[in-house]
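For reference, start_36.cif is printed below; it contains mmCIF, C-alpha atoms.
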data_input
loop_
_atom_site.label_atom_id
_atom_site.label_comp_id
_atom_site.auth_asym_id
_atom_site.auth_seq_id
_atom_site.Cartn_x
_atom_site.Cartn_y
_atom_site.Cartn_z
CA MET A 1 15.40 1.96 -22.01
CA ILE A 2 11.75 1.51 -21.09
CA GLN A 3 9.68 -0.86 -23.20
CA THR A 4 5.93 -0.35 -23.15
CA GLY A 5 2.86 -2.13 -24.44
CA LEU A 6 -0.72 -1.01 -24.93
CA ILE A 7 -3.94 -2.91 -24.27
CA GLN A 8 -6.56 -1.27 -26.47
CA SER A 9 -10.10 -0.91 -25.06
CA ALA A 10 -9.35 -2.96 -21.96
CA HIS A 11 -12.57 -1.81 -20.26
CA ASN A 12 -15.60 0.33 -21.08
CA ASP A 13 -15.10 2.69 -18.16
CA LEU A 14 -12.44 4.04 -15.81
CA LEU A 15 -9.94 1.46 -14.53
CA THR A 16 -9.72 1.42 -10.76
CA ASP A 17 -6.86 -1.05 -10.28
CA VAL A 18 -4.39 -3.37 -12.00
CA ALA A 19 -2.41 -6.10 -10.27
CA TYR A 20 0.28 -8.48 -11.52
CA ASP A 21 0.50 -12.01 -10.20
CA PHE A 22 3.60 -13.37 -8.46
CA TYR A 23 5.36 -14.25 -11.72
CA GLY A 24 4.36 -11.12 -13.62
CA LEU A 25 2.81 -13.17 -16.43
CA ARG A 26 -0.84 -12.46 -15.61
CA LEU A 27 -2.67 -9.25 -14.93
CA ALA A 28 -5.96 -8.64 -13.15
CA THR A 29 -7.83 -5.43 -13.94
CA CYS A 30 -11.04 -3.99 -12.54
CA SER A 31 -13.12 -1.08 -13.70
CA LEU A 32 -16.20 1.01 -13.02
CA ASP A 33 -17.86 -1.00 -15.80
CA GLN A 34 -18.21 -3.68 -13.08
CA ARG A 35 -16.04 -6.17 -14.89
CA ILE A 36 -13.01 -8.11 -13.70
CA LYS A 37 -10.60 -9.24 -16.37
CA VAL A 38 -7.61 -11.52 -16.10
CA TRP A 39 -4.98 -11.16 -18.82
CA GLN A 40 -2.24 -13.56 -19.88
CA VAL A 41 0.91 -12.36 -21.62
CA ASP A 42 2.08 -14.05 -24.81
CA GLU A 43 5.80 -14.29 -24.15
CA SER A 44 6.57 -14.75 -27.84
CA ASN A 45 5.35 -11.28 -28.84
CA GLY A 46 4.56 -9.49 -25.56
CA ASN A 47 0.85 -9.11 -26.29
CA TRP A 48 -1.71 -9.37 -23.50
CA ASN A 49 -4.82 -11.45 -24.15
CA VAL A 50 -7.97 -11.78 -22.06
CA GLU A 51 -8.00 -15.10 -20.25
CA ASP A 52 -11.13 -14.60 -18.14
CA ASP A 53 -13.80 -11.95 -17.83
CA TRP A 54 -16.71 -11.80 -15.40
CA LYS A 55 -19.06 -9.29 -13.80
CA ALA A 56 -18.33 -8.04 -10.29
CA SER A 57 -18.40 -4.70 -8.50
CA MET A 58 -14.78 -4.06 -7.65
CA LEU A 59 -12.44 -1.25 -6.57
CA GLU A 60 -9.11 -3.03 -5.98
CA ASP A 61 -7.73 -6.53 -6.37
CA ALA A 62 -4.79 -8.56 -5.05
CA TRP A 63 -3.23 -11.94 -5.85
CA ALA A 64 -2.35 -14.52 -3.23
CA HIS A 65 1.00 -16.31 -3.27
CA PRO A 66 0.90 -19.18 -5.81
CA GLU A 67 1.65 -21.81 -3.14
CA PHE A 68 -1.98 -21.40 -2.03
CA GLY A 69 -3.37 -21.75 -5.55
CA THR A 70 -4.67 -19.20 -8.04
CA ILE A 71 -6.58 -16.85 -5.74
CA LEU A 72 -7.78 -13.27 -6.10
CA ALA A 73 -9.24 -10.96 -3.47
CA SER A 74 -11.40 -8.04 -4.52
CA ALA A 75 -12.45 -4.94 -2.57
CA SER A 76 -15.64 -3.14 -3.41
CA PHE A 77 -17.78 -0.06 -2.85
CA ASP A 78 -20.49 -2.35 -1.45
CA ARG A 79 -18.39 -2.86 1.73
CA THR A 80 -17.49 -6.44 0.89
CA VAL A 81 -14.32 -8.37 0.16
CA LYS A 82 -14.69 -11.36 -2.13
CA ILE A 83 -12.34 -14.30 -2.50
CA TRP A 84 -12.09 -15.80 -5.97
CA GLU A 85 -10.39 -19.01 -7.05
CA GLN A 86 -9.58 -20.24 -10.51
CA THR A 87 -10.88 -23.72 -11.18
CA SER A 88 -11.26 -26.02 -14.13
CA PHE A 89 -14.56 -26.21 -15.99
CA ALA A 90 -15.12 -29.69 -14.58
CA SER A 91 -14.75 -28.62 -10.95
CA THR A 92 -16.94 -25.58 -11.61
CA THR A 93 -19.67 -27.85 -12.94
CA ASP A 94 -19.31 -30.12 -9.91
CA SER A 95 -19.63 -27.22 -7.48
CA GLN A 96 -22.85 -26.13 -9.18
CA THR A 97 -24.18 -29.69 -9.14
CA ASN A 98 -23.37 -30.09 -5.43
CA GLY A 99 -25.54 -27.27 -4.18
CA ALA A 100 -24.85 -24.06 -6.12
CA GLY A 101 -28.07 -23.68 -8.06
CA ALA A 102 -28.51 -21.69 -11.21
CA GLY A 103 -29.75 -18.69 -9.25
CA SER A 104 -27.15 -18.77 -6.49
CA PRO A 105 -24.54 -16.00 -6.18
CA GLN A 106 -21.77 -18.50 -6.72
CA ALA A 107 -23.23 -19.77 -9.97
CA ALA A 108 -23.90 -16.24 -11.15
CA SER A 109 -20.34 -15.24 -10.44
CA CYS A 110 -18.99 -18.17 -12.39
CA GLY A 111 -21.12 -18.14 -15.53
CA SER A 112 -18.85 -19.64 -18.18
CA SER A 113 -15.77 -18.41 -16.36
CA ARG A 114 -13.31 -20.56 -14.51
CA TRP A 115 -13.27 -18.20 -11.52
CA VAL A 116 -15.45 -19.18 -8.57
CA GLU A 117 -16.53 -16.94 -5.71
CA ARG A 118 -15.42 -18.83 -2.61
CA ALA A 119 -16.14 -16.39 0.25
CA VAL A 120 -17.60 -12.97 0.97
CA LEU A 121 -16.28 -10.94 3.93
CA VAL A 122 -18.86 -8.44 5.16
CA ASP A 123 -17.40 -6.91 8.34
CA ALA A 124 -16.53 -3.48 6.91
CA ARG A 125 -18.78 -0.51 7.69
CA GLY A 126 -17.46 1.59 4.85
CA THR A 127 -16.05 1.26 1.35
CA VAL A 128 -13.24 -1.28 1.31
CA ARG A 129 -10.43 0.73 -0.24
CA ALA A 130 -7.47 -1.67 -0.25
CA VAL A 131 -6.68 -5.37 0.14
CA GLU A 132 -3.36 -7.20 0.35
CA PHE A 133 -2.42 -10.78 1.14
CA ALA A 134 0.21 -11.30 3.82
CA PRO A 135 3.64 -12.69 2.87
CA HIS A 136 3.25 -16.40 2.32
CA HIS A 137 5.39 -17.40 5.33
CA PHE A 138 2.63 -16.08 7.62
CA GLY A 139 0.03 -18.35 6.02
CA LEU A 140 -3.01 -17.47 3.98
CA LYS A 141 -3.94 -14.14 5.57
CA LEU A 142 -5.55 -11.06 4.11
CA ALA A 143 -5.41 -7.44 5.26
CA THR A 144 -8.11 -4.94 4.33
CA VAL A 145 -8.66 -1.27 5.07
CA SER A 146 -11.94 0.56 4.66
CA SER A 147 -13.25 4.08 4.92
CA ASP A 148 -14.37 3.42 8.51
CA ASN A 149 -10.62 3.74 9.29
CA ARG A 150 -10.26 0.13 10.35
CA VAL A 151 -7.66 -2.40 9.29
CA ARG A 152 -8.98 -5.94 9.42
CA ILE A 153 -6.85 -9.08 9.28
CA TYR A 154 -8.48 -12.29 8.10
CA LYS A 155 -7.09 -15.80 8.37
CA CYS A 156 -8.25 -18.65 6.15
CA LEU A 157 -9.25 -21.63 8.28
CA GLU A 158 -9.98 -24.00 5.40
CA GLN A 159 -7.41 -23.65 2.65
CA SER A 160 -8.87 -26.54 0.70
CA SER A 161 -12.22 -24.83 0.17
CA LEU A 162 -11.38 -21.15 0.98
CA ALA A 163 -14.90 -20.92 2.43
CA THR A 164 -14.12 -20.08 6.07
CA TRP A 165 -12.22 -16.91 7.03
CA GLN A 166 -11.74 -15.73 10.59
CA LEU A 167 -11.47 -12.07 11.54
CA SER A 168 -8.35 -12.30 13.69
CA GLU A 169 -7.67 -8.56 14.17
CA GLU A 170 -9.62 -5.34 13.84
CA VAL A 171 -7.67 -2.14 14.42
CA ASP A 172 -9.02 1.41 14.41
CA VAL A 173 -6.01 3.15 12.91
CA SER A 174 -7.25 6.65 13.71
CA THR A 175 -7.40 5.97 17.46
CA LEU A 176 -4.56 3.48 17.84
CA PRO A 177 -2.05 5.19 20.14
CA SER A 178 1.29 6.07 18.64
CA ALA A 179 4.53 4.90 20.17
CA SER A 180 5.88 6.94 23.07
CA LEU A 181 6.77 10.46 21.99
CA SER A 182 10.40 10.15 22.92
CA SER A 183 10.89 7.12 20.70
CA SER A 184 8.44 7.38 17.82
CA TYR A 185 10.00 10.25 15.90
CA SER A 186 13.41 10.59 14.39
CA VAL A 187 12.87 12.44 11.17
CA ALA A 188 15.20 13.90 8.56
CA PHE A 189 13.87 15.76 5.57
CA ALA A 190 15.63 15.53 2.22
CA THR A 191 14.30 16.99 -0.98
CA PRO A 192 15.72 17.46 -4.47
CA THR A 193 16.40 21.13 -3.74
CA GLN A 194 17.43 20.83 -0.11
CA THR A 195 19.61 17.88 0.87
CA SER A 196 21.11 19.06 4.13
CA ALA A 197 18.15 20.02 6.33
CA THR A 198 17.96 17.50 9.15
CA LEU A 199 15.76 17.22 12.22
CA GLU A 200 16.90 14.67 14.79
CA GLY A 201 13.98 13.97 17.10
CA ALA A 202 11.05 16.19 16.18
CA SER A 203 9.78 18.60 18.78
CA ALA A 204 7.67 16.82 21.37
CA THR A 205 5.24 19.73 21.22
CA LEU A 206 4.68 19.33 17.49
CA VAL A 207 4.39 15.58 17.78
CA ALA A 208 1.93 15.85 20.65
CA GLN A 209 -0.10 18.35 18.66
CA ALA A 210 -0.25 16.02 15.66
CA LEU A 211 -1.19 13.11 17.90
CA GLN A 212 -3.92 15.11 19.59
CA GLN A 213 -5.35 16.17 16.23
CA SER A 214 -5.40 12.58 14.97
CA GLN A 215 -7.24 11.40 18.08
CA ASN A 216 -9.66 14.32 18.41
CA PRO A 217 -12.99 13.40 16.79
CA ALA A 218 -13.86 17.07 16.37
CA THR A 219 -11.20 17.46 13.69
CA GLN A 220 -12.34 14.40 11.77
CA GLY A 221 -15.84 15.57 10.75
CA ARG A 222 -18.00 12.52 10.31
CA PRO A 223 -16.61 9.62 12.38
CA GLY A 224 -14.21 7.54 10.34
CA MET A 225 -14.69 9.56 7.17
CA GLY A 226 -12.46 12.64 7.52
CA ASN A 227 -13.94 15.74 5.93
CA ARG A 228 -15.05 13.84 2.82
CA GLU A 229 -14.28 10.33 1.68
CA ALA A 230 -13.16 11.76 -1.65
CA ASP A 231 -10.49 13.80 0.16
CA GLY A 232 -9.09 10.89 2.16
CA GLY A 233 -6.70 8.08 1.50
CA TRP A 234 -6.74 4.49 2.73
CA CYS A 235 -3.80 2.19 2.07
CA ILE A 236 -1.92 -0.78 3.53
CA SER A 237 1.30 -2.67 2.89
CA TRP A 238 2.86 -5.64 4.67
CA CYS A 239 6.46 -5.84 5.81
CA LYS A 240 8.03 -8.46 3.56
CA ASP A 241 10.74 -9.51 6.04
CA ARG A 242 9.82 -12.57 8.11
CA TYR A 243 12.34 -11.78 10.87
CA TRP A 244 10.34 -8.87 12.31
CA GLY A 245 7.05 -10.73 12.49
CA GLU A 246 3.70 -9.48 11.25
CA ILE A 247 4.05 -5.75 10.71
CA ILE A 248 1.86 -3.64 8.48
CA ALA A 249 1.98 -0.02 7.31
CA ALA A 250 -1.45 1.63 7.20
CA GLY A 251 -2.80 5.05 6.40
CA CYS A 252 -6.38 6.24 6.91
CA GLY A 253 -8.39 9.38 6.30
CA VAL A 254 -6.92 12.84 5.81
CA SER A 255 -4.24 12.81 8.50
CA GLY A 256 -1.36 12.44 6.04
CA ALA A 257 0.39 9.95 8.34
CA ILE A 258 1.32 6.31 8.01
CA LYS A 259 1.39 4.11 11.11
CA ILE A 260 3.68 1.11 11.38
CA ILE A 261 1.60 -1.43 13.31
CA GLN A 262 2.89 -4.61 14.89
CA LEU A 263 0.45 -7.51 15.08
CA SER A 264 0.91 -10.22 17.68
CA PRO A 265 -1.31 -13.10 18.84
CA SER A 266 -0.17 -12.56 22.43
CA ARG A 267 -1.07 -8.87 22.78
CA ARG A 268 -3.04 -6.06 21.23
CA PRO A 269 -1.66 -4.31 18.13
CA ILE A 270 0.75 -1.48 18.86
CA THR A 271 2.15 1.38 16.82
CA LEU A 272 5.91 1.05 16.42
CA LEU A 273 6.33 4.28 14.48
CA THR A 274 4.36 7.05 12.82
CA LEU A 275 5.59 8.39 9.48
CA ASP A 276 4.30 11.94 9.26
CA PRO A 277 6.16 14.66 7.35
CA SER A 278 3.68 17.41 8.26
CA PRO A 279 4.94 18.49 11.74
CA SER A 280 7.71 20.60 10.21
CA PRO A 281 9.55 23.11 12.39
CA VAL A 282 9.58 26.79 11.52
CA GLY A 283 12.09 27.56 8.79
CA LEU A 284 12.44 24.04 7.40
CA PRO A 285 12.62 24.39 3.60
CA THR A 286 10.14 22.51 1.47
CA GLU A 287 10.70 21.39 -2.09
CA ALA A 288 8.60 24.23 -3.44
CA GLY A 289 10.22 26.69 -1.02
CA THR A 290 6.84 27.86 0.32
CA LEU A 291 4.12 26.87 2.76
CA LEU A 292 6.45 27.05 5.73
CA ALA A 293 5.10 26.92 9.24
CA SER A 294 5.14 30.25 11.04
CA ASP A 295 3.67 31.75 14.19
CA GLY A 296 2.61 28.36 15.44
CA ASP A 297 0.82 27.38 12.22
CA THR A 298 1.20 23.80 11.03
CA PRO A 299 1.11 22.72 7.37
CA THR A 300 -2.18 21.37 6.07
CA PRO A 301 -1.92 17.57 5.92
CA PHE A 302 -2.68 15.81 2.66
CA ALA A 303 -4.07 12.29 2.58
CA ILE A 304 -1.70 9.43 1.74
CA THR A 305 -3.27 7.43 -1.08
CA SER A 306 -0.69 4.67 -1.46
CA VAL A 307 2.04 3.00 0.58
CA ALA A 308 4.50 0.30 -0.47
CA TRP A 309 6.94 -1.60 1.76
CA ALA A 310 10.01 -2.63 -0.19
CA PRO A 311 11.52 -6.14 -0.01
CA SER A 312 14.58 -5.87 2.24
CA CYS A 313 16.97 -8.05 0.20
CA GLY A 314 19.58 -8.09 2.97
CA ARG A 315 19.46 -4.42 3.91
CA SER A 316 19.80 -3.50 7.58
CA TYR A 317 16.94 -1.02 7.20
CA HIS A 318 13.57 -0.89 5.46
CA LEU A 319 12.39 1.36 2.64
CA ILE A 320 8.78 2.50 2.60
CA ALA A 321 7.37 4.61 -0.22
CA THR A 322 4.28 6.78 0.04
CA GLY A 323 2.26 8.77 -2.46
CA GLY A 324 -0.19 11.48 -1.49
CA ARG A 325 -2.80 13.88 -2.73
CA ASP A 326 -0.23 16.66 -2.45
CA GLY A 327 1.59 15.14 -5.44
CA HIS A 328 4.61 14.05 -3.42
CA VAL A 329 6.36 10.70 -3.68
CA ARG A 330 8.37 10.12 -0.50
CA ILE A 331 10.80 7.36 0.36
CA TRP A 332 11.33 6.65 4.04
CA ARG A 333 14.32 4.86 5.50
CA VAL A 334 13.03 2.94 8.52
CA LYS A 335 15.53 1.60 11.02
CA PRO A 336 14.34 -1.15 13.39
CA ALA A 337 15.71 -1.46 16.91
CA GLU A 338 18.39 -4.11 17.04
CA ASP A 339 20.38 -3.64 20.24
CA GLU A 340 19.90 -2.71 23.88
CA ALA A 341 20.70 0.92 23.18
CA ASP A 342 17.49 1.13 21.15
CA VAL A 343 15.30 -0.07 24.01
CA GLU A 344 13.68 2.60 26.13
CA GLY A 345 13.87 1.89 29.85
CA GLU A 346 13.60 -1.46 31.53
CA GLY A 347 11.07 -3.64 29.80
CA GLY A 348 10.29 -0.86 27.33
CA ASP A 349 9.41 -1.38 23.68
CA PRO A 350 12.23 -1.13 21.14
CA LYS A 351 12.58 2.18 19.36
CA TRP A 352 12.12 2.38 15.62
CA SER A 353 13.32 5.46 13.77
CA ALA A 354 12.73 6.85 10.30
CA ASN A 355 13.92 9.59 8.01
CA VAL A 356 12.79 10.82 4.61
CA VAL A 357 15.53 10.05 2.09
CA ALA A 358 13.73 11.26 -1.02
CA ASP A 359 10.84 13.62 -1.66
CA PHE A 360 9.72 14.28 -5.24
CA ASP A 361 6.78 16.31 -6.51
CA HIS A 362 7.25 15.77 -10.22
CA HIS A 363 3.69 14.54 -10.73
CA LYS A 364 2.34 17.99 -9.79
CA SER A 365 -0.98 16.27 -8.98
CA ALA A 366 -2.30 13.52 -6.74
CA VAL A 367 -0.31 10.28 -6.71
CA GLY A 368 -2.52 7.23 -7.11
CA ARG A 369 -0.07 4.36 -6.64
CA VAL A 370 3.49 3.57 -5.65
CA GLU A 371 5.03 0.10 -6.10
CA TRP A 372 8.49 -1.47 -5.71
CA ASN A 373 10.11 -4.02 -7.96
CA ILE A 374 10.85 -7.48 -6.60
CA THR A 375 14.28 -6.49 -5.23
CA GLY A 376 13.20 -3.18 -3.71
CA THR A 377 15.64 -1.18 -5.83
CA VAL A 378 13.29 0.53 -8.30
CA LEU A 379 10.16 2.44 -7.34
CA SER A 380 7.34 3.24 -9.73
CA SER A 381 4.68 5.87 -9.16
CA ALA A 382 1.53 6.76 -11.07
CA GLY A 383 -0.15 10.15 -10.79
CA ASN A 384 -3.11 12.10 -12.05
CA ASP A 385 -0.77 13.78 -14.52
CA GLY A 386 -1.14 10.65 -16.63
CA ARG A 387 2.45 9.52 -16.20
CA VAL A 388 4.17 6.57 -14.60
CA ARG A 389 7.56 7.53 -13.22
CA LEU A 390 10.44 5.31 -12.16
CA TRP A 391 12.87 6.12 -9.35
CA LYS A 392 16.16 4.40 -8.63
CA ALA A 393 19.07 4.82 -6.23
CA THR A 394 22.60 4.79 -7.57
CA ILE A 395 25.57 3.11 -5.89
CA GLY A 396 26.09 6.30 -3.88
CA ASN A 397 22.50 6.18 -2.59
CA VAL A 398 21.48 9.12 -4.73
CA TRP A 399 17.84 8.79 -5.71
CA ARG A 400 17.06 9.96 -9.20
CA THR A 401 14.40 9.47 -11.84
CA ALA A 402 14.99 6.48 -14.10
CA GLY A 403 12.45 7.58 -16.69
CA SER A 404 8.75 8.10 -17.18
CA ILE A 405 6.05 7.08 -19.61
CA GLY A 406 2.68 8.56 -20.41
CA VAL A 407 -0.06 8.88 -22.97
CA GLU A 408 1.39 12.14 -24.19
CA GLN A 409 5.09 11.52 -24.69
CA SER A 410 7.33 14.55 -24.26
CA GLU A 411 10.87 15.33 -23.29
CA ASP A 412 11.40 15.17 -19.54
CA THR A 413 13.35 17.89 -17.86
CA GLN A 414 16.45 16.90 -15.94
CA ASP A 415 15.38 15.92 -12.43
CA ALA A 416 17.33 16.82 -9.35
CA ASP A 417 18.87 14.08 -7.24
CA VAL A 418 18.45 13.26 -3.59
CA ASN A 419 21.51 12.13 -1.65
CA MET A 420 20.45 9.56 0.90
CA GLY A 421 23.79 9.19 2.58
CA GLU A 422 24.17 12.85 3.56
CA ASN A 423 20.88 12.82 5.44
CA ALA A 424 21.17 9.61 7.39
CA ILE A 425 20.61 10.08 11.09
CA ALA A 426 23.41 9.26 13.46
CA GLU A 427 22.14 6.72 15.92
#
If you convert what's in this file into structure tokens, what do you get?
Amino acid sequence: MIQTGLIQSAHNDLLTDVAYDFYGLRLATCSLDQRIKVWQVDESNGNWNVEDDWKASMLEDAWAHPEFGTILASASFDRTVKIWEQTSFASTTDSQTNGAGAGSPQAASCGSSRWVERAVLVDARGTVRAVEFAPHHFGLKLATVSSDNRVRIYKCLEQSSLATWQLSEEVDVSTLPSASLSSSYSVAFATPTQTSATLEGASATLVAQALQQSQNPATQGRPGMGNREADGGWCISWCKDRYWGEIIAAGCGVSGAIKIIQLSPSRRPITLLTLDPSPSPVGLPTEAGTLLASDGDTPTPFAITSVAWAPSCGRSYHLIATGGRDGHVRIWRVKPAEDEADVEGEGGDPKWSANVVADFDHHKSAVGRVEWNITGTVLSSAGNDGRVRLWKATIGNVWRTAGSIGVEQSEDTQDADVNMGENAIAE
């Protein structure tokens, strides 16, 4: 049973993002009305009430882990990322007295609110489309991705004031080389209507072609922008598992691919794996049963608009969900290299492999967001069809819909299942 609540007239214009805090008791929303609102749930009746409200141009927001305090990061069309901190009225007054005059940006951002603008990050050369704080065990770090196709990693140098942030990494995702062709691809396709089609090790020719297209500026139109910014997708998600180090999944532009990027202070970022369902061989069935590659043609890639890395919770593999403008919600099973058999050559990098274990197109329109629950067992997706859908795997690793909600409630048709176990790749 799905219980829902409704916040009437939350904003005066289109909402661009909503984000729960770590405990799920507060909600930050931003809108094209240039307002940020923080909501607090009344646990006695389930109602959401506005706790704070202030003016700021904002596209997406993200909460930091509570061990660092009550901190929000906001991404904006004006190419900036702003760091906000909740303070008491007394400390807000002190900060204004100690140098933030009535006309200063900090004082203007505060007003009567308890949220103070602590820092503004201005390195992006395009719209900042997504922000996400790193898992807390890596410290107070923030990842951003903008329409210039660059992922930027910031590290807070002064956690007491949040005023100083260092740009520790800047990665051009579109030109970052993929892992070696013989180790980067191990793809199996599974859809609700076709659960036995498997491709172990995609054709090197197809992979090379996809790689060449992603690195050829002539196919990208304006540099960093794809054909149009409105057609692209920019998204990021951190690996939640501390064991593997700082790894981030990032997608940029219209390529339709997600790159798994390993960050290290001792060397330059590298691509461990590229998740790209588009280089399909001739005759591979799709969920709709059409648009198959033939005579050397390759399917038209659709931008990935959202990516979510699931908490591992003791699994020996990772689950990564993606949502795209083609209306598909895909779940990838990513297997890290763990033994010597997964290392290519002497001194080579470990091989990571991936296969698609679920592919749903029930939204029938662009997917705006995918998110996992705290245990990585339930996936939610929101699409332009006005519905939020839930996906869950049974004990037998069969992915099926767990329900959906929308403005216009109607009976859902029975959804087909995807059997994950039948399509696992033998390694």
- Task: Calculate how many Å separate CA of Thr305 in chain A from CA of Cys156 in chain A, rounding to one decimal.
- Result: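 So the answer is 27.5 Å.
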- Item | Nearest to Glu170 in chain A, chosen from A:Lys55, A:Arg400, A:Arg152, A:Lys37, with only C-alpha atoms counted in the distances | A:Arg152
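Distance annotation: of A:Glu371, A:Lys351, A:Ala358, A:Gln8, the residue with the minimal separation from Ala393 in chain A is A:Ala358; atom set is all atoms listed in the file.
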Might you pull out every residue within 12 Å of Thr144 in chain A, with all atoms listed in the file counted and same-chain residues fewer than 2 positions away left off, and present them as a tab-separated table (two decimals) with C-alpha atoms, in the coordinates of the input?
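What ended up in result_12.tsv:
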chain	number	residue	atom	x	y	z
A	60	GLU	CA	-9.11	-3.03	-5.98
A	61	ASP	CA	-7.73	-6.53	-6.37
A	62	ALA	CA	-4.79	-8.56	-5.05
A	73	ALA	CA	-9.24	-10.96	-3.47
A	74	SER	CA	-11.40	-8.04	-4.52
A	75	ALA	CA	-12.45	-4.94	-2.57
A	76	SER	CA	-15.64	-3.14	-3.41
A	79	ARG	CA	-18.39	-2.86	1.73
A	80	THR	CA	-17.49	-6.44	0.89
A	81	VAL	CA	-14.32	-8.37	0.16
A	82	LYS	CA	-14.69	-11.36	-2.13
A	121	LEU	CA	-16.28	-10.94	3.93
A	122	VAL	CA	-18.86	-8.44	5.16
A	123	ASP	CA	-17.40	-6.91	8.34
A	124	ALA	CA	-16.53	-3.48	6.91
A	126	GLY	CA	-17.46	1.59	4.85
A	127	THR	CA	-16.05	1.26	1.35
A	128	VAL	CA	-13.24	-1.28	1.31
A	129	ARG	CA	-10.43	0.73	-0.24
A	130	ALA	CA	-7.47	-1.67	-0.25
A	131	VAL	CA	-6.68	-5.37	0.14
A	132	GLU	CA	-3.36	-7.20	0.35
A	133	PHE	CA	-2.42	-10.78	1.14
A	134	ALA	CA	0.21	-11.30	3.82
A	141	LYS	CA	-3.94	-14.14	5.57
A	142	LEU	CA	-5.55	-11.06	4.11
A	146	SER	CA	-11.94	0.56	4.66
A	147	SER	CA	-13.25	4.08	4.92
A	148	ASP	CA	-14.37	3.42	8.51
A	149	ASN	CA	-10.62	3.74	9.29
A	150	ARG	CA	-10.26	0.13	10.35
A	151	VAL	CA	-7.66	-2.40	9.29
A	152	ARG	CA	-8.98	-5.94	9.42
A	153	ILE	CA	-6.85	-9.08	9.28
A	154	TYR	CA	-8.48	-12.29	8.10
A	155	LYS	CA	-7.09	-15.80	8.37
A	167	LEU	CA	-11.47	-12.07	11.54
A	168	SER	CA	-8.35	-12.30	13.69
A	169	GLU	CA	-7.67	-8.56	14.17
A	170	GLU	CA	-9.62	-5.34	13.84
A	171	VAL	CA	-7.67	-2.14	14.42
A	172	ASP	CA	-9.02	1.41	14.41
A	173	VAL	CA	-6.01	3.15	12.91
A	234	TRP	CA	-6.74	4.49	2.73
A	235	CYS	CA	-3.80	2.19	2.07
A	236	ILE	CA	-1.92	-0.78	3.53
A	237	SER	CA	1.30	-2.67	2.89
A	238	TRP	CA	2.86	-5.64	4.67
A	248	ILE	CA	1.86	-3.64	8.48
A	249	ALA	CA	1.98	-0.02	7.31
A	250	ALA	CA	-1.45	1.63	7.20
A	251	GLY	CA	-2.80	5.05	6.40
A	252	CYS	CA	-6.38	6.24	6.91
- Message: I need the output of the PyMOL selection byres ((chain A and resi 321) around 8) for this file as a PyMOL selection string; which residues are they?
- Response: chain A and resi 307-310+319-320+322-323+329-332+370-371+379
- Nearest to Thr29 in chain A, chosen from A:Ser44, A:Asn384, A:Phe77, A:Asp13, with all atoms listed in the file counted in the distances: A:Asp13
- At what distance in Å, to one decimal, does CA of Asn47 in chain A lie from CA of Gly383 in chain A?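 CA of Gly383 in chain A sits 24.7 Å away from CA of Asn47 in chain A.
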- CA of Ser161 in chain A to CA of Leu32 in chain A: how many Å, to one decimal?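 Taking CA of Ser161 in chain A as the start and CA of Leu32 in chain A as the end point, the length is 29.3 Å.
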- Selection dump of the PyMOL selection byres ((chain A and resi 3) around 12), as a list in words: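 Taken over the shown coordinates, the PyMOL selection byres ((chain A and resi 3) around 12) returns Met1, Ile2, Thr4, Gly5, Leu6, Gly46, Gly403, Ser404 and Ile405 of chain A.
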- Message: as an MDAnalysis selection string, please: the residues near Asp53 in chain A (cut-off 9 Å, all atoms listed in the file, same-chain neighbours under 6 positions excluded).
- Response: chainID A and resid 35:39 113 115
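Closest approach to Lys259 in chain A among A:Arg325, A:Ser174, A:Thr300, A:Ser312: A:Ser174, based on only C-alpha atoms.
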- Message: With only C-alpha atoms as the counted atoms, please give the residues lying no more than 6 Å from Trp63 in chain A, apart from itself and same-chain residues fewer than 2 positions off, as a ChimeraX atom specification.
- Response: /A:21,71-72
- Quick one: of A:Arg118, A:Val254, A:His136, A:Tyr20, who's nearest to Gln40 in chain A, counting all atoms listed in the file? A:Tyr20
- Task: Name every residue that the PyMOL selection byres ((chain A and resi 389) around 9) selects in this structure, writing the answer as a PyMOL selection string with chains first and numbers rising.
- Result: chain A and resi 362-363+379-383+387-388+390-391+401-406
What residues have an atom no more than 10 Å from (-18.7, -0.4, -21.4) in the file's own frame, counting only C-alpha atoms, and can you write them as a PDB file with C-alpha atoms, in the frame of the given file?
ATOM      1  CA  SER A   9     -10.100  -0.910 -25.060  1.00  0.00           C
ATOM      2  CA  ALA A  10      -9.350  -2.960 -21.960  1.00  0.00           C
ATOM      3  CA  HIS A  11     -12.570  -1.810 -20.260  1.00  0.00           C
ATOM      4  CA  ASN A  12     -15.600   0.330 -21.080  1.00  0.00           C
ATOM      5  CA  ASP A  13     -15.100   2.690 -18.160  1.00  0.00           C
ATOM      6  CA  LEU A  14     -12.440   4.040 -15.810  1.00  0.00           C
ATOM      7  CA  SER A  31     -13.120  -1.080 -13.700  1.00  0.00           C
ATOM      8  CA  LEU A  32     -16.200   1.010 -13.020  1.00  0.00           C
ATOM      9  CA  ASP A  33     -17.860  -1.000 -15.800  1.00  0.00           C
ATOM     10  CA  GLN A  34     -18.210  -3.680 -13.080  1.00  0.00           C
ATOM     11  CA  ARG A  35     -16.040  -6.170 -14.890  1.00  0.00           C
TER      12      ARG A  35
END
